[in-house]
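Text of the file upload_13.txt, holding compact mmCIF, C-alpha atoms:
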# COMPACT_ATOMS: atom_id res chain seq x y z
CA MET A 159 -15.86 -15.48 -0.01
CA LYS A 160 -18.22 -12.66 -0.79
CA ILE A 161 -18.40 -11.96 -4.49
CA SER A 162 -19.87 -8.46 -3.91
CA ASN A 163 -16.69 -7.46 -2.05
CA TYR A 164 -14.50 -8.55 -4.96
CA ILE A 165 -16.63 -6.70 -7.52
CA SER A 166 -16.59 -3.57 -5.36
CA ILE A 167 -12.80 -3.76 -4.86
CA ALA A 168 -12.23 -4.20 -8.61
CA CYS A 169 -14.41 -1.17 -9.46
CA PHE A 170 -12.88 1.13 -6.85
CA ALA A 171 -9.32 -0.07 -7.56
CA PHE A 172 -9.81 0.76 -11.25
CA PHE A 173 -10.15 4.43 -10.30
CA GLY A 174 -7.45 4.26 -7.63
CA GLY A 175 -4.98 2.85 -10.17
CA MET A 176 -5.88 5.47 -12.79
CA ALA A 177 -5.53 8.29 -10.24
CA ARG A 178 -2.07 7.01 -9.26
CA TYR A 179 -1.08 6.67 -12.93
CA SER A 180 -2.10 10.31 -13.56
CA LEU A 181 -0.09 11.57 -10.59
CA ASN A 182 2.94 9.64 -11.83
CA VAL A 183 2.62 11.00 -15.38
CA GLN A 184 2.24 14.58 -14.11
CA TRP A 185 4.89 14.70 -11.40
CA SER A 186 7.02 11.54 -11.77
CA PHE A 187 8.09 10.15 -8.39
CA TYR A 188 6.91 13.27 -6.56
CA GLY A 189 3.41 12.23 -7.65
CA THR A 190 3.90 8.72 -6.25
CA PHE A 191 5.30 10.22 -3.03
CA TRP A 192 2.31 12.51 -2.44
CA GLY A 193 -0.14 9.83 -3.52
CA ASN A 194 1.33 7.47 -0.93
CA ILE A 195 1.32 10.08 1.83
CA ILE A 196 -2.26 11.25 1.15
CA GLY A 197 -3.31 7.60 0.83
CA CYS A 198 -1.89 6.85 4.29
CA PHE A 199 -4.05 9.59 5.76
CA LEU A 200 -7.16 8.46 3.85
CA LEU A 201 -6.87 4.75 4.66
CA ALA A 202 -6.32 5.33 8.38
CA PHE A 203 -9.13 7.91 8.36
CA PHE A 204 -11.64 5.58 6.69
CA THR A 205 -10.57 2.51 8.69
CA TYR A 206 -11.19 4.25 12.04
CA PHE A 207 -14.18 6.24 10.80
CA PHE A 208 -15.93 3.04 9.67
CA MET A 209 -14.96 1.39 12.95
CA GLU A 210 -16.80 4.09 14.96
CA PHE A 211 -19.58 4.76 12.50
CA LYS A 212 -20.81 1.26 11.84
CA ASP A 213 -23.74 1.93 9.51
CA PHE A 214 -21.98 1.14 6.24
CA ARG A 215 -22.24 -1.98 4.12
CA GLN A 216 -19.12 -4.12 4.00
CA TRP A 217 -18.83 -3.94 0.21
CA LEU A 218 -18.61 -0.16 0.47
CA THR A 219 -16.00 -0.06 3.24
CA VAL A 220 -13.72 -2.61 1.54
CA GLY A 221 -14.30 -0.92 -1.83
CA ILE A 222 -13.14 2.47 -0.57
CA GLY A 223 -10.37 1.22 1.75
CA THR A 224 -8.91 -1.91 0.17
CA GLY A 225 -10.02 -1.03 -3.36
CA PHE A 226 -9.59 2.68 -4.03
CA VAL A 227 -7.02 3.79 -1.42
CA GLY A 228 -5.15 0.46 -1.45
CA ALA A 229 -4.67 0.66 -5.22
CA PHE A 230 -4.00 4.41 -5.12
CA THR A 231 -0.92 3.82 -2.95
CA THR A 232 1.92 1.56 -3.98
CA PHE A 233 4.87 -0.07 -2.30
CA SER A 234 6.49 -1.63 -5.38
CA THR A 235 6.81 1.62 -7.37
CA PHE A 236 8.13 3.34 -4.23
CA ASN A 237 11.00 0.83 -4.12
CA LEU A 238 11.59 1.05 -7.86
CA ASP A 239 11.81 4.87 -7.63
CA ILE A 240 14.63 4.45 -5.10
CA LEU A 241 16.46 2.07 -7.44
CA LYS A 242 15.99 4.46 -10.39
CA ASN A 243 17.36 7.42 -8.40
CA ILE A 244 20.40 5.43 -7.26
CA GLN A 245 21.05 4.26 -10.83
CA ALA A 246 20.72 7.84 -12.08
CA GLY A 247 23.53 8.83 -9.70
CA LEU A 248 21.23 10.57 -7.22
CA PRO A 249 21.76 8.60 -3.99
CA LEU A 250 20.94 11.62 -1.82
CA THR A 251 17.57 12.10 -3.58
CA ALA A 252 16.91 8.38 -3.08
CA LEU A 253 17.76 8.63 0.63
CA ILE A 254 15.58 11.72 1.19
CA TYR A 255 12.70 10.08 -0.71
CA PHE A 256 13.13 6.88 1.31
CA LEU A 257 13.29 8.55 4.74
CA SER A 258 10.59 11.17 4.13
CA SER A 259 8.18 8.47 2.87
CA ILE A 260 8.78 6.46 6.04
CA ILE A 261 8.37 9.44 8.39
CA PHE A 262 5.47 11.23 6.66
CA GLY A 263 3.67 7.97 5.86
CA PHE A 264 3.52 7.15 9.57
CA ILE A 265 2.64 10.70 10.67
CA PHE A 266 -0.18 11.02 8.13
CA ALA A 267 -1.57 7.58 8.97
CA PHE A 268 -1.48 8.56 12.65
CA LEU A 269 -3.34 11.84 11.95
CA GLY A 270 -5.86 9.96 9.78
CA MET A 271 -6.52 7.54 12.64
CA ARG A 272 -7.08 10.33 15.19
CA ILE A 273 -9.26 12.48 12.94
CA GLY A 274 -11.23 9.51 11.54
CA LYS A 275 -11.97 8.25 15.03
CA ASN A 276 -13.11 11.68 16.25
CA VAL A 277 -15.27 12.42 13.20
CA GLY A 278 -16.90 8.99 13.51
CA MET A 279 -17.66 9.52 17.22
CA LEU A 280 -18.96 13.04 16.59
CA LEU A 281 -21.36 11.93 13.87
CA ARG A 282 -22.63 9.03 15.98
CA LYS A 283 -23.51 11.33 18.87
CA GLU A 284 -25.68 13.53 16.70
CA ASP A 285 -28.21 10.86 15.84
CA MET B 169 -4.85 3.92 -23.47
CA GLU B 170 -2.10 3.36 -20.88
CA ILE B 171 -4.24 4.89 -18.15
CA LEU B 172 -7.00 2.33 -18.78
CA LEU B 173 -4.46 -0.51 -18.68
CA ALA B 174 -3.16 0.83 -15.35
CA GLY B 175 -6.73 0.95 -13.99
CA LEU B 176 -7.55 -2.53 -15.25
CA GLY B 177 -4.32 -3.94 -13.83
CA ALA B 178 -4.96 -2.24 -10.48
CA SER B 179 -8.38 -3.97 -10.27
CA ILE B 180 -6.72 -7.36 -10.73
CA GLY B 181 -3.90 -6.55 -8.30
CA ALA B 182 -6.26 -5.29 -5.59
CA MET B 183 -8.44 -8.43 -5.83
CA ILE B 184 -5.35 -10.67 -5.47
CA ARG B 185 -4.25 -8.59 -2.47
CA TYR B 186 -7.68 -8.93 -0.85
CA ALA B 187 -7.72 -12.72 -1.45
CA ILE B 188 -4.21 -13.20 0.01
CA THR B 189 -4.99 -10.94 3.00
CA ASN B 190 -8.17 -12.88 3.81
CA TYR B 191 -6.42 -16.22 3.40
CA GLY B 192 -3.46 -15.05 5.48
CA LYS B 193 -5.64 -13.76 8.32
CA LYS B 194 -7.12 -17.24 8.67
CA HIS B 195 -4.09 -19.45 8.09
CA TRP B 196 -0.93 -17.46 8.85
CA GLU B 197 -1.86 -15.93 12.17
CA TRP B 198 0.44 -18.40 13.99
CA ILE B 199 3.42 -17.09 12.00
CA GLY B 200 2.67 -13.50 13.01
CA LYS B 201 2.34 -14.60 16.65
CA GLN B 202 5.91 -15.95 16.58
CA PHE B 203 7.16 -12.51 15.50
CA SER B 204 5.46 -9.86 17.72
CA ASN B 205 2.14 -9.94 15.78
CA LEU B 206 3.77 -9.05 12.47
CA PRO B 207 1.09 -8.48 9.76
CA THR B 208 2.42 -11.31 7.57
CA PRO B 209 -0.06 -11.04 4.63
CA THR B 210 0.77 -7.40 3.80
CA LEU B 211 4.48 -8.02 4.37
CA LEU B 212 4.45 -10.96 1.94
CA ILE B 213 2.43 -8.98 -0.62
CA ASN B 214 4.70 -5.92 -0.50
CA LEU B 215 7.97 -7.86 -0.60
CA THR B 216 6.95 -10.16 -3.48
CA GLY B 217 5.53 -7.14 -5.35
CA ALA B 218 8.83 -5.26 -5.00
CA LEU B 219 10.78 -8.30 -6.25
CA ILE B 220 8.54 -8.86 -9.29
CA LEU B 221 8.52 -5.16 -10.23
CA GLY B 222 12.33 -5.19 -10.07
CA ILE B 223 12.39 -8.18 -12.44
CA ILE B 224 10.02 -6.47 -14.90
CA PHE B 225 12.08 -3.26 -14.85
CA GLY B 226 15.29 -5.28 -15.31
CA LEU B 227 13.80 -7.13 -18.30
CA GLY B 228 12.90 -3.80 -19.89
CA THR B 229 9.39 -4.48 -21.18
CA ASN B 230 7.38 -2.25 -23.52
CA VAL B 231 5.23 0.62 -22.29
CA PHE B 232 1.89 -1.21 -22.60
CA PHE B 233 3.04 -4.25 -20.66
CA TYR B 234 4.61 -2.00 -18.03
CA SER B 235 1.41 0.06 -17.65
CA LEU B 236 -0.74 -3.06 -17.28
CA VAL B 237 1.50 -5.23 -15.10
CA GLY B 238 4.04 -2.84 -13.52
CA THR B 239 1.97 0.25 -12.74
CA GLY B 240 -1.37 -1.59 -12.79
CA VAL B 241 -1.28 -5.10 -11.32
CA LEU B 242 1.78 -4.70 -9.07
CA GLY B 243 0.87 -1.13 -8.08
CA GLY B 244 -2.62 -2.28 -7.10
CA TYR B 245 -1.29 -5.47 -5.50
CA THR B 246 1.20 -3.73 -3.21
CA THR B 247 0.05 -1.06 -0.82
CA PHE B 248 1.76 1.68 1.11
CA SER B 249 -1.33 2.86 2.99
CA THR B 250 -2.27 -0.51 4.54
CA MET B 251 1.29 -0.97 5.76
CA ASN B 252 1.29 2.43 7.48
CA THR B 253 -2.16 1.91 8.99
CA GLU B 254 -0.88 -1.41 10.39
CA LEU B 255 2.22 0.38 11.74
CA VAL B 256 -0.06 2.86 13.54
CA GLU B 257 -2.09 -0.07 14.95
CA LEU B 258 1.09 -1.67 16.31
CA TYR B 259 2.08 1.69 17.84
CA LYS B 260 -1.37 2.11 19.38
CA SER B 261 -1.23 -1.32 20.99
CA ARG B 262 2.23 -0.39 22.37
CA ASN B 263 3.81 -3.26 20.47
CA TYR B 264 7.02 -1.32 19.78
CA HIS B 265 9.01 -4.45 19.04
CA GLY B 266 6.50 -5.43 16.34
CA LEU B 267 6.47 -1.85 15.02
CA ILE B 268 10.24 -1.72 14.51
CA LEU B 269 10.39 -5.28 13.15
CA TYR B 270 7.60 -4.61 10.63
CA ALA B 271 9.05 -1.27 9.49
CA VAL B 272 12.58 -2.63 9.07
CA THR B 273 11.57 -5.85 7.26
CA SER B 274 9.22 -3.94 4.93
CA TYR B 275 11.39 -0.96 4.06
CA LEU B 276 14.83 -2.58 3.99
CA GLY B 277 13.46 -5.81 2.53
CA GLY B 278 11.64 -3.90 -0.22
CA VAL B 279 14.76 -2.00 -1.33
CA ILE B 280 16.95 -5.12 -1.24
CA LEU B 281 14.38 -7.19 -3.18
CA VAL B 282 13.81 -4.57 -5.88
CA PHE B 283 17.59 -4.62 -6.54
CA ILE B 284 17.71 -8.44 -6.54
CA GLY B 285 14.73 -8.46 -8.92
CA PHE B 286 16.44 -5.97 -11.21
CA TRP B 287 19.58 -8.14 -11.40
CA ILE B 288 17.48 -11.26 -12.10
CA GLY B 289 15.68 -9.37 -14.88
CA GLN B 290 18.98 -8.21 -16.38
CA LEU B 291 20.35 -11.76 -16.33
CA CYS B 292 17.25 -13.20 -18.01
CA LYS B 293 17.12 -10.50 -20.67
Please express what this file holds, its structure, as structure tokens.
Amino acid sequence: MKISNYISIACFAFFGGMARYSLNVQWSFYGTFWGNIIGCFLLAFFTYFFMEFKDFRQWLTVGIGTGFVGAFTTFSTFNLDILKNIQAGLPLTALIYFLSSIIFGFIFAFLGMRIGKNVGMLLRKED
Amino acid sequence: MEILLAGLGASIGAMIRYAITNYGKKHWEWIGKQFSNLPTPTLLINLTGALILGIIFGLGTNVFFYSLVGTGVLGGYTTFSTMNTELVELYKSRNYHGLILYAVTSYLGGVILVFIGFWIGQLCK
């Protein structure tokens, strides 16, 4: 157990959680939706970028990935938003939210992986 | 005030997630192997997080508690991005059986558990 990783995750997650809270206050579940989708891109991007471009300290990679982006996205609120929409008599909204999160989450993570990998390889070649 | 509670909670939630993920990678790998390399730590984290958030919402707590524990701890504990990055990894390794299994158990399981949690919360109110 590396204590530096935990401290880094806590610090980065503090900002990730506050960013998600702000999106939710501003745009309700649309904010959570876009936060999750953008987060999918960012996590896949950083994961594959760091994999190619190895010169980063572990505390920094886990801080950004597991800490900031991990806390910026949420699975529990995503499910609760579906419940709230169904209870509010909006099952179609709930279904669209559910399906578009699944589809766009995967597509954006896929794009993040491809772009992260390429950017990492490109930057490695230059030095 | 609420925003700081959400940030503080997210720090705690993310550290718990990291600890469980590390523990799970060492000790639960055999479970994943039985089920097409299912990423069991993230699945467990997301499903328990959905259940607990359902309970909290069903109980109807005050805004400060909800910001700290609901938005903060559970929001930071569960993760949508790690799940999707893992789905892409399963796709990349052509493990389509694992991909479908992971997506279905996460997404359907999450919705079912948030409803079960809500009913438990309502009953305990």
* To do: Might you pull out every residue within 9 Å of segment 255-272 of chain A, with only C-alpha atoms counted and same-chain residues fewer than 4 positions away left off, and present them as a ChimeraX atom specification?
  => /A:187-188,191-192,194-207,236-237,239-240,250-251,276-277 /B:248-249,252-253,255-257,271,275
* Asked: Quick one: residues within 12 Å of segment 186-199 of chain B, all atoms listed in the file counted, chain neighbours fewer than 4 positions away excluded, as a ChimeraX atom specification?
  -> /A:159-161,163-168,171,220-221,223-225,228-229 /B:179-182,203-214,244-247,250
* **Atomic separation - atom CA of Gly175 of chain A relative to atom CA of Thr190 of chain A, Å** => 11.3 Å
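With all atoms listed in the file as the basis for measurement, A:Leu238 is the residue among A:Gly193, A:Gly174, A:Leu238, A:Phe230 that approaches Ile280 of chain B most closely.
Using only C-alpha atoms, the shortest contact distance between chain A and any of B:Ser274, B:Gln202, B:Asn263, B:Asn230 is found at B:Ser274.
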* Asked: Hey, can you check how far atom CA of Gly278 of chain A sits from atom CA of Ile222 of chain A?
  -> 16.0 Å
Dig up all the protein and nucleic acid residues within 8 Å of (-5.0, -0.2, -15.1) in the file frame, using all atoms listed in the file, and format them as a tab-separated table (two decimals) with C-alpha atoms, in the coordinates of the input.
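The new file selection-v1.tsv reads:
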chain	number	residue	atom	x	y	z
A	172	PHE	CA	-9.81	0.76	-11.25
A	175	GLY	CA	-4.98	2.85	-10.17
A	176	MET	CA	-5.88	5.47	-12.79
B	170	GLU	CA	-2.10	3.36	-20.88
B	171	ILE	CA	-4.24	4.89	-18.15
B	172	LEU	CA	-7.00	2.33	-18.78
B	173	LEU	CA	-4.46	-0.51	-18.68
B	174	ALA	CA	-3.16	0.83	-15.35
B	175	GLY	CA	-6.73	0.95	-13.99
B	176	LEU	CA	-7.55	-2.53	-15.25
B	177	GLY	CA	-4.32	-3.94	-13.83
B	178	ALA	CA	-4.96	-2.24	-10.48
B	179	SER	CA	-8.38	-3.97	-10.27
B	235	SER	CA	1.41	0.06	-17.65
B	236	LEU	CA	-0.74	-3.06	-17.28
B	239	THR	CA	1.97	0.25	-12.74
B	240	GLY	CA	-1.37	-1.59	-12.79
B	241	VAL	CA	-1.28	-5.10	-11.32
* Non-local contacts of Gly222 of chain B (10 Å; all atoms listed in the file; under 4 positions in same chain excluded) as a list in words -> Ser234, Thr235, Asn237, Leu238 and Leu241 of chain A; Thr216, Gly217, Ala218, Gly226, Leu227, Gly228, Gly238, Gly278, Val279, Ile280, Leu281, Val282, Phe283, Ile284, Gly285, Phe286, Trp287, Ile288, Gly289 and Gln290 of chain B
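Of note, atom CA of Phe233 of chain A and atom CA of Gln216 of chain A are spaced 25.1 Å apart.
Using all atoms listed in the file, the shortest contact distance between chain A and any of B:Lys293, B:His265, B:Lys201, B:Lys260 is found at B:Lys260.
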* Pick out the closest residue to chain A from this set: B:Leu242, B:Met169, B:Cys292, B:Ile224. Count all atoms listed in the file. => B:Leu242
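For the choices B:Gly243, B:Phe225, B:Leu269, B:Phe233, the atom-to-atom distance to chain A is smallest for B:Gly243 when using only C-alpha atoms.
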Just need the box for segment 173-177 of chain A, edges along x, y and z, holding every atom the file lists for it with 4 Å tacked onto each side, so centre and edge lengths in Å to one decimal, as lines of an AutoDock Vina configuration file.
center_x = -7.6
center_y = 5.6
center_z = -10.2
size_x = 13.2
size_y = 13.4
size_z = 13.2
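With all atoms listed in the file as the basis for measurement, A:Ser186 is the residue among A:Met279, A:Phe211, A:Ser186, A:Thr219 that approaches Lys242 of chain A most closely.
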Segment 220-238 of chain B rebuilt with N, CA, C and O atoms, output as a compact mmCIF listing (two decimals), in the coordinates of the input:
# COMPACT_ATOMS: atom_id res chain seq x y z
N ILE B 220 9.05 -8.66 -7.93
CA ILE B 220 8.54 -8.86 -9.29
C ILE B 220 8.66 -7.57 -10.11
O ILE B 220 9.03 -7.61 -11.28
N LEU B 221 8.39 -6.41 -9.49
CA LEU B 221 8.52 -5.16 -10.23
C LEU B 221 9.98 -4.92 -10.63
O LEU B 221 10.26 -4.44 -11.73
N GLY B 222 10.91 -5.29 -9.74
CA GLY B 222 12.33 -5.19 -10.07
C GLY B 222 12.68 -6.05 -11.28
O GLY B 222 13.40 -5.62 -12.19
N ILE B 223 12.14 -7.27 -11.31
CA ILE B 223 12.39 -8.18 -12.44
C ILE B 223 11.86 -7.57 -13.74
O ILE B 223 12.57 -7.54 -14.75
N ILE B 224 10.64 -7.05 -13.70
CA ILE B 224 10.02 -6.47 -14.90
C ILE B 224 10.83 -5.27 -15.39
O ILE B 224 11.07 -5.13 -16.60
N PHE B 225 11.27 -4.43 -14.47
CA PHE B 225 12.08 -3.26 -14.85
C PHE B 225 13.43 -3.72 -15.43
O PHE B 225 13.91 -3.15 -16.40
N GLY B 226 14.02 -4.75 -14.82
CA GLY B 226 15.29 -5.28 -15.31
C GLY B 226 15.17 -5.89 -16.70
O GLY B 226 16.08 -5.79 -17.53
N LEU B 227 14.04 -6.53 -16.97
CA LEU B 227 13.80 -7.13 -18.30
C LEU B 227 13.63 -6.05 -19.36
O LEU B 227 13.95 -6.28 -20.53
N GLY B 228 13.13 -4.88 -18.95
CA GLY B 228 12.90 -3.80 -19.89
C GLY B 228 11.77 -4.11 -20.87
O GLY B 228 11.99 -4.33 -22.05
N THR B 229 10.56 -4.15 -20.35
CA THR B 229 9.39 -4.48 -21.18
C THR B 229 8.86 -3.23 -21.89
O THR B 229 9.29 -2.12 -21.59
N ASN B 230 7.94 -3.41 -22.82
CA ASN B 230 7.38 -2.25 -23.52
C ASN B 230 6.38 -1.50 -22.64
O ASN B 230 5.97 -1.98 -21.60
N VAL B 231 6.01 -0.31 -23.11
CA VAL B 231 5.23 0.62 -22.29
C VAL B 231 3.83 0.08 -21.95
O VAL B 231 3.32 0.32 -20.86
N PHE B 232 3.23 -0.69 -22.86
CA PHE B 232 1.89 -1.21 -22.60
C PHE B 232 1.93 -2.29 -21.53
O PHE B 232 1.12 -2.31 -20.61
N PHE B 233 2.90 -3.19 -21.65
CA PHE B 233 3.04 -4.25 -20.66
C PHE B 233 3.36 -3.64 -19.29
O PHE B 233 2.81 -4.06 -18.27
N TYR B 234 4.23 -2.62 -19.29
CA TYR B 234 4.61 -2.00 -18.03
C TYR B 234 3.40 -1.30 -17.37
O TYR B 234 3.20 -1.40 -16.16
N SER B 235 2.59 -0.61 -18.20
CA SER B 235 1.41 0.06 -17.65
C SER B 235 0.43 -0.95 -17.05
O SER B 235 -0.10 -0.72 -15.96
N LEU B 236 0.21 -2.06 -17.75
CA LEU B 236 -0.74 -3.06 -17.28
C LEU B 236 -0.22 -3.81 -16.05
O LEU B 236 -0.89 -3.88 -15.02
N VAL B 237 0.98 -4.36 -16.16
CA VAL B 237 1.50 -5.23 -15.10
C VAL B 237 2.30 -4.46 -14.04
O VAL B 237 2.11 -4.67 -12.85
N GLY B 238 3.19 -3.58 -14.47
CA GLY B 238 4.04 -2.84 -13.52
C GLY B 238 3.25 -1.82 -12.72
O GLY B 238 3.07 -1.96 -11.52
